[in-house]
Each structure stands twice: as C-alpha cells, then as structure tokens.
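So the structure is just underneath, and the comments pick up after that.
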Number of protein chains: 2
Amino acid sequence: MKVEIITIGDEILIGQIVDTNSAWLGAQLSPLGWEVIRITTIPDTIEAITDAVDLALNRADLVLMTGGLGPTKDDVTKMALCQYYNCDLRFDEESFENIKAIFSHYKREISETNRQQAEIPAVSEALPNRLGTAPGMWFQNEKGILVSMPGIPYEMKCIMEDGVFPRIASMSDYVFEYKTTVVSGIPESIISERITDIETNLPEGVKVAYLPHYNLVRVRVTGRGFDRNSVLKDIDDVSKGIQKILGDAVVTEGDEKIQETIGKLLKARNETASFAESCTGGYVAHLITSVPGSSAYFPGSVVTYSYENKTEVLGVTPDSLWSYGAVSQEVVEKMCTAVRINNNTDYGVAISGIAGPGGGTDDKPVGTVWMAVCDKESVYSKVYHLRGDRQQNIERSGHLALELLRKRILNLI
Amino acid sequence: MKVEIITIGDEILIGQIVDTNSAWLGAQLSPLGWEVIRITTIPDTIEAITDAVDLALNRADLVLMTGGLGPTKDDVTKMALCQYYNCDLRFDEESFENIKAIFSHYKREISETNRQQAEIPAVSEALPNRLGTAPGMWFQNEKGILVSMPGIPYEMKCIMEDGVFPRIASMSDYVFEYKTTVVSGIPESIISERITDIETNLPEGVKVAYLPHYNLVRVRVTGRGFDRNSVLKDIDDVSKGIQKILGDAVVTEGDEKIQETIGKLLKARNETASFAESCTGGYVAHLITSVPGSSAYFPGSVVTYSYENKTEVLGVTPDSLWSYGAVSQEVVEKMCTAVRINNNTDYGVAISGIAGPGGGTDDKPVGTVWMAVCDKESVYSKVYHLRGDRQQNIERSGHLALELLRKRILNLI
C-alpha cells in the first residue's frame with residue numbers, strides 16, 4: 001500500500017519553519033506496511049492544493065495532508081477540498097462541541113470565526129481533535145483515501161493516533177522493516193568497500209544505505225516483502241554480517257541516539273556522569289536530559305561561560321586561564337575533574353572551545369575545541385578543529401563529547 | 001522566477017531524518033526574488049528521480065536537487081541524470097584534485113570508490129565543494145537550470161554560497177519581502193478578528209498569514225511585485241497598522257527568536273542573567289548561548305537535576321524539598337534567588353517541573369512546571385500545566401521561561 005504526504009504552507013516554502021510532520025508520519029507509517037513514496041510541500045492556494053491532491057491520489061492509495069486549516073483567511077484547504085470533491089460545507093455538531101469545550105477550558109468567548117472551524121466538506125467524515133479546534137477530515141472514494149489535518153504537530157499526531165492509525169493498520173499486509181548499525185571512525189566509502197561482498201549478494205527485497213551524521217555513519221539495512229518473519233530474518237542476517245566485518249567500529253544497533261546509548265551504558269553499570277560546558281552552552285546537558293529516566297545517572301551539570309564563572313564554580317585558577325586561555329588542555333582538564341568531584345559522579349566531561357563567529361585568533365581559530373573526559377583514576381583530553389558555523393560547531397562538539405564519554409565508559413580510550 | 005526543490009532520500013521518506021535543507025534553501029532564495037513553488041521528496045530510484053526532474057523543469061525555471069551523491073551503491077542520482085540528459089559520465093580533474101586534497105588532510109588513502117566521485121554527467125559543469133568529496137553539478141538547457149548537490153547540509157550550503165547564489169542572484173527582477181510581527185497572549189482567531197479591516201483592504205500583492213508557535217503567534221505580512229521600494233512600503237504600512245491595533249501584545253518585529261530579543265534587551269541595558277534548570281535540563285542555556293555574543297550577558301548557569309544537587313549547588317534545604325517537593329513554588333523561588341546570587345547576575349530564572357513520561361502524581365501530573373524569575377528586589381513565580389510529550393514539555397517550558405524573563409526585564413510583571 002502506497003502513501004503520499006502533502007504539506008501545505010507558504011511558511012515552509014519560504015523557509016520560515018522546518019517541516020517535521022512528514023518525518024514523524026514516515027516513521028510511524030513504514031512499520032505498518034505503508035510505503036511513503038513522495039512528500040510534497042505546496043503553497044496555500046486552491047489551485048496548488050487541488051492539483052497536488054489529484055496527482056497524489058493517482059499514485060497512492062492513501063494521501064495524508066497537513067496544514068491550511070486555521071481559522072484565518074490565509075487558510076484555504078477546506079475550500080480547495082470542497083472544489084476537488086465537488087461538495088459544499090456542512091456543520092459538524094460533534095466538532096462544535098469540542099470547540100466549545102476547549103474555549104470554556106480557557107474561559108474565552110467563541111467567535112464566529114471559531115464556530116466556522118466546525119464546518120467541514122459535506123462528503124467527509126470528521127476526525128476528533130482533542131488538542132485543538134480544527135477537526136481532521138476523512139475522505140474516501142474509488143480513487144482512494146485522503147485525510148486532511150491541521151499542521152500543528154501535536155494536533156496532527158493526536159488525530160493520527162486517535163482516528164487514522166487504528167483504521168489503516170490492518171489495510172496493508174505488506175511488510176517493511178529496517179535495522180540500523182551505527183559505525184564510528186570509518187568513512188562511508190571504506191565501509192562500503194569492506195562490505196562489498198555482502199552488498200552484491202543481498203537477498204531479494206533487501207537494501208543497504210549509508211547515512212553519515214557528524215562523526216558517525218549509520219548503515220541501514222531495509223527489507224520489504226509479505227512475510228514478516230522472513231523479512232526480519234533477512235535484515236538480521238545481513239546486519240549481523242556487516243557488524244562482524246566492522247567489529248569494534250560498531251557503536252550500537254538501531255536508531256538509538258548517542259545520548260540513549262550512554263544512558264543504557266550508565267544505567268547498566270549503575271554509574272553517573274556530569275558535565276562542565278563552555279562553548280556547548282548547555283547543549284550536552286540538553287541531549288542527556290532529553291532521554292526519559294536520565295535522572296538515574298545524571299545529577300546535574302554546569303555551564304561556565306565566563307572566566308569568573310570557571311574560577312568560582314570549578315576552581316580554575318585565574319593564572320591558568322590567563323596563561324593558557326580558556327580553550328586549552330590545562331583548563332579543560334581542570335574543569336573536567338572539578339565538575340566530577342563537585343557532583344560526585346563516576347565520570348566528568350568538559351568542553352571548551354570557540355564556536356564562532358567571533359572569538360577566533362591565529363593560534364586558536366573558530367572551531368578549535370578542547371574536550372576532556374575523566375573518571376576517578378584518569379583524565380583524557382583531546383583537541384578538535386571543526387569548520388562549521390556556530391550552530392554546527394555547538395552540535396558537533398556536543399556529539400563528539402558524548403562519543404568520548406562512551407569510549408571512556410567502555411575503556412576504549 | 002520560479003524554483004522547485006527536490007530532496008532525494010529514503011531516509012527522509014521513512015522518517016529517519018528531517019529535511020532541513022529545503023527550509024534553508026527557501027529562506028535564502030525568497031529574498032533574491034526566487035519563489036519556491038514546490039518541495040518534493042522522493043526515493044533513491046532512477047524512475048522517481050527522472051520523473052520528478054521532468055515535472056519540476058516543466059513548472060519551474062530552476063530546480064535545486066539535494067541528495068543521492070554519496071560514494072556508495074545506494075546513491076543513484078548521477079545515473080538518473082545521465083539518463084535524463086542522455087549523456088555519459090566524464091572524469092572531472094578539478095573535482096579529483098579536491099578529493100585528493102581532502103584525503104591528504106585526513107591522511108587517508110583514496111579508494112576507487114572515492115575516485116568515482118569525480119565523475120559527473122558529461123553535459124554538466126562541476127561546482128566546487130570545499131567541504132566534501134562530491135562536487136555539485138550545474139545543468140542548463142532550453143528547459144531551465146538544474147543543480148544537483150549532496151544532501152549533507154554544510155556541503156550543500158557551501159556549494160550554494162560559492163557557486164549558485166552568485167549566478168542566480170541577478171536573474172530575477174521580481175521582489176519578494178516579508179515582515180513578521182510576533183504577538184503574545186492572543187489566539188490567532190482573535191487577532192484575525194481585530195485586524196479584519198486591514199485584511200479586507202490589503203494592497204495588491206500583499207498577504208497576511210498566521211503562524212502559532214508555543215504561546216506566541218507570528219503574523220507575517222508578505223509582499224510581491226517588481227518595485228522593491230513600493231513592496232517594502234506596502235508591507236511596512238500594513239505591519240504598522242497591525243501593530244497599532246494589537247498594542248502591548250506585540251513582542252517584537254521580525255523573525256527574531258525570543259533568545260535574540262532577550263539578548264538585545266540585556267545588552268542595551270548592560271545587564272546579565274543566569275539560569276537554574278531542572279526539567280528543562282540545559283535547554284534554556286542552550287537557547288541563550290545559541291546567540292553569537294551571548295557571553296556579554298550570560299556568565300553561566302546550572303542544571304540541578306537531583307535533590308542533592310539542588311541542595312549542594314543552590315542551597316535548597318532538604319526540608320523544603322521533602323515538604324513541598326522539587327516541583328513547588330517554594331523550591332523554584334529558592335533556586336531562582338540562589339542562582340542569581342551565585343552568578344552575580346541582574347536576573348535569575350529557575351524552572352522545575354515534570355517533563356514526563358514518568359514522574360507524575362495525582363497532585364502534580366506530567367506537565368506541571370513551576371517557574372520563577374527574580375531581580376535584586378523581587379521574585380515572581382508561576383505554575384504552568386502543559387500537555388505535551390517530554391520533548392514538547394521541555395521546549396515549551398524553555399520558551400515560557402524566556403518569555404517570563406522578557407516581561408521581567410521590561411517591567412511587565
């Protein structure tokens with residue numbers, strides 16, 4: 001069964017926001033046996049919408065559409081759908097009850113504009129939206145199924161979970177599965193050469209793909225077919241073969257993020273870690289605490305941005321700051337051991353660098369980042385020379401620091 | 001001049017990664033007078049690529065394509081383009097020089113796979129890629145221009161900036177501009193009703209759109225035409241009219257993020273702020289330090305995740321933690337004043353809540369978040385009841401905390 005996603009909104013085309021809805025939909029649909037064959041983003045105009053809907057329904061069995069359902073004049077999706085399905089609007093009582101409930105919760109009066117959100121194309125069925133005032137809409141005819149939903153991510157997810165997944169889950173007996181192997185320290189071209197024998201002898205329906213991300217490469221093995229057990233066995237066999245060849249370079253299996261891998265490692269060892277961040281400015285702590293249950297191994301951390309702060313919070317002497325600079329092996333090692341002791345954790349990690357765009361010198365250009373990781377017995381430090389913009393340098397430093405911590409936990413450094 | 005963006009990659013369709021390239025391209029192209037009329041994401045197959053390229057070149061003057069240029073077998077973009085343009089591959093010496101330089105920098109041997117990255121379709125011109133081994137490719141014929149680039153964001157950006165923008169900047173004399181007014185505390189339906197007179201009397205080529213985001217609504221006024229001065233005057237007049245009607249609810253103008261607004265406010269006042277984060281886990285510090293130059297007003301902050309940490313770092317007594325709980329007015333106010341004093345800043349902000357999915361109780365369900373903001377004279381605290389998942393609760397709490405700080409700086413609370 002094939003599905004297309006249509007995202008409506010000038011704000012995406014002019015780059016004011018990033019479309020995250022499509023990725024979420026793709027990730028949910030694939031395991032249900034629905035293959036996303038195309039994602040299209042179009043402007044808020046009736047012509048663009050009817051044209052895209054027509055093309056998509058010709059190619060796919062199911063079309064999921066988000067956006068353009070707000071109460072304001074710029075949103076024309078319902079008008080476009082009335083035109084495409086050749087029908088008028090009808091007033092949906094149940095949707096209006098929901099709108100009234102939401103407004104009474106926030107103690108606001110319902111305006112005529114809000115009342116109109118309960119109007120939906122006559123040929124469609126309303127899909128309840130617990131989290132907002134615009135209902136989802138389900139259209140079904142001989143060409144296929146079309147679902148129109150608001151673009152606000154949590155409202156769209158709520159409608160999909162309540163009203164769409166339960167209906168479409170049983171429609172497809174096609175199976176799609178994948179398994180990812182995360183590899184560190186080998187570029188994709190070398191990985192590909194090492195596993196060339198496997199790649200030229202893949203079972204039917206199995207594909208291998210490479211996704212470089214920071215210093216890691218994710219090797220994804222996908223399988224398609226009609227028998228779940230045989231698809232799972234095929235991708236498992238291929239993944240195991242790849243992992244055997246790559247050995248120690250394999251970081252983890254699955255779509256696990258590095259902060260999740262570290263969470264599992266620390267939990268299993270009943271160990272803890274804390275962080276002293278300068279140039280990453282809280283990004284590492286943010287990654288670590290994005291994992292549910294991280295309080296089990298993360299008691300806290302500090303962001304020490306100024307010289308004074310490094311001295312007062314971590315006891316780095318003004319002397320070493322002025323002799324070596326904040327971005328130096330001496331300072332980052334001191335930050336690292338101090339944060340570990342202050343927080344009484346098994347591991348300490350410190351990052352100090354120049355994220356840019358300002359602050360670089362001939363000696364230490366933008367992108368120079370010192371990192372240290374320590375436990376009770378030892379400190380390991382390393383300098384990196386990154387070459388991205390501020391945001392990239394922050395993100396990359398954060399991931400490199402977590403990779404150092406992973407290696408330290410596993411005694412690989 | 002119309003442009004379409006084509007993103008190639010199964011990893012996007014199955015939701016393994018989010019396409020951020022298109023938003024970046026859209027944001028860069030619009031001010032140059034290029035209108036993005038469609039963004040399409042397709043799988044890594046020759047049929048899908050040739051089909052999408054053909055459709056896009058029929059609708060647009062310029063097609064920008066990313067992805068599918070890696071050295072591995074899953075990447076078929078070059079093959080598809082050779083087929084579409086009916087040509088063979090040629091070996092591009094300059095691109096090979098670049099590959100050699102990159103491999104010698106990393107002290108790695110060049111493999112045959114890497115050498116093949118210097119092969120490009122014979123009818124195309126290579127566009128240098130300073131940051132990677134796959135060159136960009138420029139195709140031009142009577143149907144229009146097509147540019148193919150790698151999908152890795154920083155490589156794509158580098159090729160656009162070095163080789164594409166300089167060429168296309170002067171091709172369009174069409175003008176597109178927009179101005180955003182950020183509004184706090186009024187839902188979009190009410191804003192729309194208040195400015196209905198303005199919306200029904202818009203000058204030619206001007207549109208108003210609404211983008212709700214967390215507790216804010218961005219009202220965007222766009223203008224299109226051929227005379228930049230008159231377009232700018234039109235959107236300026238409309239924006240000013242809207243701002244006059246909305247008065248105090250207007251937070252800021254432009255696409256400024258709340259952390260940028262706060263940065264400007266603090267800099268102008270020569271003041272500083274520090275943060276004590278529990279449930280946001282470093283996210284607020286990350287937002288603040290994502291702004292270049294933030295060291296001028298941000299000396300540092302703490303993430304206090306455990307009870308012990310709140311006691312040791314911020315002096316919250318175990319008594320108040322056990323009597324009131326970590327998520328309480330008493331504790332968050334104490335955290336707030338302590339972090340301000342410890343860091344010797346003008347303002348302190350503290351956040352303590354239950355991000356979920358675990359940790360909720362009948363009394364304090366998931367989504368309960370206490371926040372406090374203080375200066376030398378006063379502490380203001382407030383509780384929020386959010387209803388998202390962990391990630392949403394963290395992000396929303398972070399933005400709400402910064403909004404509290406903004407109001408405190410401006411004496412609005």
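The way I read the labels, and the way they are meant: chains A, B, ... in the order of the structure tokens, residue 1 as the first residue of every chain, and ligand 1 as the first ligand shown, with later ones counted on from there.
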Please report as CSV every residue of chain B lying within 6 Å of chain A, along with the nearest atom pair and their distance in Å (one decimal), using only C-alpha atoms.
```
residue,atom,partner,partner_atom,distance
B:Leu13,CA,A:Gly26,CA,5.5
B:Ile14,CA,A:Gly26,CA,4.4
B:Gly15,CA,A:Ala23,CA,3.8
B:Val18,CA,A:Ala23,CA,5.6
B:Ala23,CA,A:Gly15,CA,3.8
B:Trp24,CA,A:Gly15,CA,5.8
B:Gly26,CA,A:Ile14,CA,4.4
B:Ala27,CA,A:Gly15,CA,4.3
B:Val36,CA,A:Leu13,CA,5.7
B:Arg38,CA,A:Ile42,CA,5.1
B:Ile39,CA,A:Thr41,CA,4.9
B:Thr40,CA,A:Thr40,CA,4.5
B:Thr41,CA,A:Ile39,CA,4.9
B:Ile42,CA,A:Arg38,CA,5.1
B:Pro71,CA,A:Ser189,CA,5.7
B:Asp74,CA,A:Ala209,CA,5.5
B:Ser189,CA,A:Pro71,CA,5.8
B:Ala209,CA,A:Asp74,CA,5.5
B:Gly281,CA,A:His286,CA,5.2
B:Gly282,CA,A:Gly282,CA,4.6
B:Tyr283,CA,A:His286,CA,5.1
B:Ala285,CA,A:Gly282,CA,5.2
B:His286,CA,A:Gly282,CA,4.7
B:Thr289,CA,A:Gly281,CA,5.5
B:Pro299,CA,A:Ser306,CA,4.8
B:Gly300,CA,A:Thr304,CA,4.6
B:Ser301,CA,A:Val303,CA,5.1
B:Val302,CA,A:Val302,CA,4.4
B:Val303,CA,A:Gly300,CA,5.0
B:Thr304,CA,A:Gly300,CA,4.6
B:Tyr305,CA,A:Gly300,CA,4.9
B:Ser306,CA,A:Pro299,CA,4.7
```
ask   = Looking only at the backbone, which of the residues in region 198-289 of chain B does DSSP tag as helix (DSSP H, G or I), as a count of residues only?
value = 44
ask   = Could you name the residues that touch Glu119 (chain A) at 12 Å or less, counting only C-alpha atoms, but leaving out those on the same chain fewer than 3 positions away, as a PyMOL selection string?
value = chain A and resi 69+71+78-79+82+88-96+99+112-116+122-126+133-137
Region 141-383 of chain A: which residues are strand (DSSP E) by DSSP, as a compact mmCIF listing (two decimals) with N, CA and C atoms, in the first residue's frame?
```
# COMPACT_ATOMS: atom_id res chain seq x y z
N ASN A 141 -13.18 7.55 -1.53
CA ASN A 141 -13.98 7.19 -2.71
C ASN A 141 -13.18 6.19 -3.54
N GLY A 144 -9.34 6.47 -3.69
CA GLY A 144 -8.52 6.21 -2.51
C GLY A 144 -8.98 7.01 -1.32
N ILE A 145 -8.12 7.04 -0.31
CA ILE A 145 -8.44 7.74 0.94
C ILE A 145 -7.60 9.00 1.04
N LEU A 146 -8.23 10.09 1.47
CA LEU A 146 -7.48 11.31 1.74
C LEU A 146 -7.84 11.78 3.14
N VAL A 147 -6.81 12.11 3.93
CA VAL A 147 -7.04 12.63 5.28
C VAL A 147 -6.42 14.01 5.36
N SER A 148 -7.22 15.00 5.79
CA SER A 148 -6.72 16.36 5.93
C SER A 148 -6.66 16.70 7.41
N MET A 149 -5.51 17.22 7.86
CA MET A 149 -5.32 17.52 9.28
C MET A 149 -4.65 18.87 9.46
N VAL A 175 5.04 -5.84 4.28
CA VAL A 175 5.91 -5.68 5.44
C VAL A 175 7.13 -4.84 5.08
N PHE A 176 7.41 -3.86 5.89
CA PHE A 176 8.64 -3.08 5.73
C PHE A 176 9.32 -3.01 7.08
N GLU A 177 10.58 -3.38 7.13
CA GLU A 177 11.34 -3.31 8.39
C GLU A 177 12.73 -2.80 8.10
N TYR A 178 13.36 -2.20 9.07
CA TYR A 178 14.77 -1.89 8.88
C TYR A 178 15.54 -1.96 10.19
N LYS A 179 16.85 -2.10 10.04
CA LYS A 179 17.75 -2.22 11.17
C LYS A 179 18.96 -1.33 10.86
N THR A 180 19.37 -0.56 11.84
CA THR A 180 20.48 0.35 11.61
C THR A 180 21.68 -0.07 12.45
N THR A 181 22.86 -0.01 11.87
CA THR A 181 24.10 -0.26 12.61
C THR A 181 24.89 1.05 12.60
N VAL A 182 25.19 1.56 13.78
CA VAL A 182 25.90 2.83 13.86
C VAL A 182 27.40 2.57 13.96
N VAL A 183 28.16 3.20 13.05
CA VAL A 183 29.59 2.93 12.94
C VAL A 183 30.38 4.21 13.21
N SER A 184 31.45 4.09 13.95
CA SER A 184 32.25 5.26 14.31
C SER A 184 33.64 5.16 13.72
N VAL A 206 15.96 -6.68 -0.08
CA VAL A 206 16.82 -6.07 0.94
C VAL A 206 17.73 -5.02 0.31
N LYS A 207 17.86 -3.86 0.99
CA LYS A 207 18.72 -2.78 0.50
C LYS A 207 19.64 -2.28 1.63
N VAL A 208 20.81 -1.79 1.26
CA VAL A 208 21.72 -1.20 2.24
C VAL A 208 21.90 0.27 1.90
N ALA A 209 21.82 1.14 2.92
CA ALA A 209 22.03 2.57 2.69
C ALA A 209 22.92 3.14 3.78
N TYR A 210 23.56 4.28 3.46
CA TYR A 210 24.54 4.88 4.37
C TYR A 210 24.10 6.30 4.71
N LEU A 211 24.12 6.63 6.00
CA LEU A 211 23.73 7.96 6.44
C LEU A 211 24.81 8.57 7.31
N PRO A 212 25.70 9.37 6.74
CA PRO A 212 26.73 9.99 7.60
C PRO A 212 26.08 11.06 8.48
N HIS A 213 26.47 11.11 9.74
CA HIS A 213 25.90 12.10 10.67
C HIS A 213 26.97 12.42 11.70
N LEU A 216 29.71 9.91 12.84
CA LEU A 216 29.22 8.54 12.75
C LEU A 216 28.63 8.27 11.37
N VAL A 217 28.58 7.00 10.98
CA VAL A 217 27.82 6.62 9.79
C VAL A 217 26.79 5.58 10.22
N ARG A 218 25.54 5.82 9.87
CA ARG A 218 24.52 4.81 10.13
C ARG A 218 24.36 3.97 8.88
N VAL A 219 24.55 2.67 9.03
CA VAL A 219 24.36 1.75 7.91
C VAL A 219 22.98 1.11 8.10
N ARG A 220 22.07 1.43 7.18
CA ARG A 220 20.68 0.96 7.33
C ARG A 220 20.39 -0.18 6.37
N VAL A 221 19.90 -1.29 6.91
CA VAL A 221 19.50 -2.43 6.09
C VAL A 221 17.98 -2.49 6.10
N THR A 222 17.36 -2.31 4.92
CA THR A 222 15.90 -2.36 4.85
C THR A 222 15.46 -3.62 4.15
N GLY A 223 14.30 -4.11 4.56
CA GLY A 223 13.73 -5.29 3.91
C GLY A 223 12.26 -5.09 3.63
N ARG A 224 11.82 -5.56 2.47
CA ARG A 224 10.41 -5.47 2.10
C ARG A 224 9.92 -6.83 1.61
N GLY A 225 8.65 -7.10 1.87
CA GLY A 225 8.08 -8.37 1.41
C GLY A 225 6.73 -8.59 2.05
N VAL A 250 31.68 -0.72 15.40
CA VAL A 250 30.23 -0.66 15.58
C VAL A 250 29.91 -0.07 16.96
N VAL A 251 29.19 1.04 16.96
CA VAL A 251 28.85 1.71 18.20
C VAL A 251 27.61 1.09 18.82
N THR A 252 26.60 0.94 18.01
CA THR A 252 25.34 0.44 18.53
C THR A 252 24.47 -0.03 17.37
N GLU A 253 23.40 -0.68 17.73
CA GLU A 253 22.45 -1.18 16.74
C GLU A 253 21.16 -0.38 16.93
N ALA A 273 27.27 10.53 35.48
CA ALA A 273 28.15 11.46 34.77
C ALA A 273 27.66 12.89 34.95
N SER A 274 28.61 13.83 34.95
CA SER A 274 28.24 15.25 34.98
C SER A 274 29.09 15.99 33.95
N PHE A 275 28.68 17.21 33.64
CA PHE A 275 29.30 17.93 32.52
C PHE A 275 29.62 19.36 32.90
N ALA A 276 30.76 19.84 32.41
CA ALA A 276 31.09 21.26 32.54
C ALA A 276 31.20 21.80 31.12
N GLU A 277 30.25 22.63 30.75
CA GLU A 277 30.18 23.07 29.36
C GLU A 277 30.56 24.54 29.23
N GLY A 300 23.31 16.47 37.59
CA GLY A 300 23.34 17.88 37.26
C GLY A 300 24.63 18.26 36.57
N SER A 301 24.71 19.51 36.11
CA SER A 301 25.90 19.96 35.39
C SER A 301 25.97 21.47 35.44
N VAL A 302 27.08 22.02 34.94
CA VAL A 302 27.21 23.48 34.94
C VAL A 302 27.58 23.98 33.55
N VAL A 303 27.08 25.19 33.28
CA VAL A 303 27.54 25.90 32.09
C VAL A 303 28.40 27.05 32.61
N THR A 304 29.69 26.99 32.33
CA THR A 304 30.58 28.07 32.80
C THR A 304 31.06 28.82 31.57
N TYR A 347 31.89 9.80 36.19
CA TYR A 347 32.59 10.42 35.06
C TYR A 347 32.35 11.92 35.04
N GLY A 348 33.34 12.64 34.52
CA GLY A 348 33.18 14.06 34.27
C GLY A 348 33.54 14.32 32.82
N VAL A 349 32.85 15.26 32.20
CA VAL A 349 33.18 15.64 30.82
C VAL A 349 33.22 17.16 30.75
N ALA A 350 34.22 17.72 30.08
CA ALA A 350 34.29 19.17 29.93
C ALA A 350 34.56 19.53 28.49
N ILE A 351 33.98 20.65 28.06
CA ILE A 351 34.13 21.13 26.68
C ILE A 351 34.42 22.62 26.72
N SER A 352 35.49 23.04 26.07
CA SER A 352 35.77 24.46 25.99
C SER A 352 36.33 24.77 24.60
N GLY A 353 35.65 25.63 23.87
CA GLY A 353 36.08 25.89 22.51
C GLY A 353 35.57 27.22 21.99
N THR A 368 38.18 25.61 17.09
CA THR A 368 39.10 24.91 17.99
C THR A 368 38.33 24.53 19.26
N VAL A 369 38.29 23.25 19.57
CA VAL A 369 37.53 22.81 20.75
C VAL A 369 38.35 21.79 21.53
N TRP A 370 38.60 22.09 22.79
CA TRP A 370 39.24 21.14 23.69
C TRP A 370 38.18 20.38 24.47
N MET A 371 38.39 19.08 24.62
CA MET A 371 37.46 18.27 25.40
C MET A 371 38.24 17.37 26.33
N ALA A 372 37.63 17.07 27.47
CA ALA A 372 38.25 16.13 28.40
C ALA A 372 37.18 15.24 28.99
N VAL A 373 37.58 14.01 29.27
CA VAL A 373 36.69 13.08 29.97
C VAL A 373 37.52 12.42 31.07
N CYS A 374 36.94 12.28 32.25
CA CYS A 374 37.71 11.69 33.35
C CYS A 374 36.86 10.74 34.18
N VAL A 379 42.45 11.20 33.43
CA VAL A 379 41.84 12.24 32.58
C VAL A 379 42.37 12.05 31.17
N TYR A 380 41.46 12.09 30.21
CA TYR A 380 41.86 12.00 28.81
C TYR A 380 41.39 13.28 28.14
N SER A 381 42.27 13.95 27.38
CA SER A 381 41.84 15.17 26.71
C SER A 381 42.25 15.16 25.24
N LYS A 382 41.56 15.94 24.46
CA LYS A 382 41.78 15.90 23.01
C LYS A 382 41.32 17.23 22.41
N VAL A 383 42.00 17.68 21.37
CA VAL A 383 41.56 18.90 20.70
C VAL A 383 40.97 18.57 19.33
```
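Between CA of Gly185 (chain A) and CA of Cys158 (chain B) the separation is 23.7 Å.
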key: Within 12 Å of Leu412 (chain A) using only C-alpha atoms, minus same-chain residues under 5 positions, as a ChimeraX atom specification   = /A:248-249,251,380,403-407
